[in-house]
Amino acid sequence: MHVLIAYATAHGSTQGIAEHLGKVLAARGADVEVRSADDVDAIDGYDVFVIGSAVHNQRWLPTASDLVRRHAGELSGRPVWLFSVGMPGALRRPLNRWAYTEEPKLVAQFEGELEPVGHRLFSGVVAKEQLTRTGRLAFRAIGGRYGDYRDWSAIEAWAATIAATSAIEP
C-alpha cells in the first residue's frame, strides 16, 4: 500500500503529527511518503491518502484546503482520511468541549467535494511566542494553557484504524 500523508503546518505541530502517523503506518508495512501540502503536485500512484492541517479561525490553512480542492475529482471514491490540529487540549472546561464541536465544521468545508473515510481533531502545541500580544491576552482570558497537548497514544490508535481499514498488514 502506497500512502501519501500531506500536511499544512503553521508552527510544526501538525508536521510532527503527520510524521508520527507515517512512522506508525510504515511499521505496519505501508510504503509512506510524508510531504508538505505545498510540495504535492500530483497524487497518482498512491492508494491511501491522509491529509491534515493546522486549524486557524475554525478553518484549515489554505495550502491544505487548496490541495483537497485541486484534487477532489481524483480523490473521489478513494480512501481519504483527514485530520485537523487545533487547541482543544489547551483550553479548560467547558471551553475545551466547545472546541471539539468544531470538528463537524472542519469536515463540512469539503462537503460536496470529498467524502473522507474519517476525520480526527487532535490537539497540538500552543506556545506563547506563536500568538500576538492581543492573542496572548485573549488566550489567557479564556483560561488557555501553553504546552504540548499532542496525544501520541490517540494518534497511534488512529493510525492503527487507518491501517486496519485500508488493509495495511504488519
# chains A, B, ... in the order shown; residues from 1 in each chain; ligands from 1
$ residues_around --residues "A:Ile51" --least-positions-apart "2" --cutoff "8 Å" --atoms "only C-alpha atoms" --output "list in words"
Leu4, Ile5, Ala6, Tyr7, Phe49, Ser53, Ala64, Val80, Trp81, Leu82 and Phe83 of chain A
$ write_last_selection --atoms "N, CA and C atoms" --output "compact mmCIF listing (two decimals), in the first residue's frame"
# COMPACT_ATOMS: atom_id res chain seq x y z
N LEU A 4 0.09 8.45 0.95
CA LEU A 4 0.53 9.85 0.98
C LEU A 4 -0.04 10.49 2.23
N ILE A 5 0.85 11.05 3.04
CA ILE A 5 0.42 11.87 4.17
C ILE A 5 0.87 13.29 3.84
N ALA A 6 -0.11 14.16 3.61
CA ALA A 6 0.16 15.55 3.26
C ALA A 6 -0.34 16.43 4.40
N TYR A 7 0.40 17.48 4.70
CA TYR A 7 0.03 18.33 5.84
C TYR A 7 0.33 19.79 5.55
N PHE A 49 -4.80 8.10 1.22
CA PHE A 49 -4.43 9.49 1.44
C PHE A 49 -4.79 9.91 2.86
N SER A 53 -4.23 19.42 8.54
CA SER A 53 -3.90 20.84 8.59
C SER A 53 -4.04 21.38 10.01
N ALA A 64 -3.56 23.39 2.58
CA ALA A 64 -4.18 22.06 2.71
C ALA A 64 -5.55 22.04 2.05
N VAL A 80 -9.63 8.36 1.73
CA VAL A 80 -9.05 9.62 2.18
C VAL A 80 -9.40 9.81 3.65
N TRP A 81 -8.41 10.05 4.44
CA TRP A 81 -8.57 10.32 5.87
C TRP A 81 -8.10 11.75 6.12
N LEU A 82 -8.82 12.49 6.93
CA LEU A 82 -8.46 13.88 7.24
C LEU A 82 -8.18 14.03 8.73
N PHE A 83 -7.23 14.90 9.04
CA PHE A 83 -7.02 15.25 10.45
C PHE A 83 -6.76 16.75 10.56
$ residues_around --residues "A:Leu131" --least-positions-apart "4" --cutoff "12 Å" --atoms "only C-alpha atoms" --output "NGL selection string"
:A and (10-11 or 56 or 125-127 or 135-140 or 144 or 146)
$ closest_residue --among "A:Ala18, A:Ala108, A:Val3, A:Leu75" --to "A:Ser36" --atoms "only C-alpha atoms"
A:Ala18
$ closest_residue --among "A:Ala72, A:Val40, A:Val24, A:Leu114" --to "A:Ala157" --atoms "only C-alpha atoms"
A:Val24
$ closest_residue --among "A:Pro104, A:Pro94, A:Gly89, A:Pro79" --to "A:Tyr46" --atoms "only C-alpha atoms"
A:Pro79
$ closest_residue --among "A:Asp148, A:Glu129, A:Glu113, A:Glu102" --to "A:Val55" --atoms "only C-alpha atoms"
A:Glu102
$ atom_distance --atom1 "atom CA of A:Ala26" --atom2 "atom CA of A:Thr63"
25.0 Å
$ select_by_dssp --residues "stretch 10-153 of chain A" --states "strand (DSSP E or B)" --output "PyMOL selection string"
chain A and resi 31-36+48-56+59-60+80-86+118-123+125-126+147-148
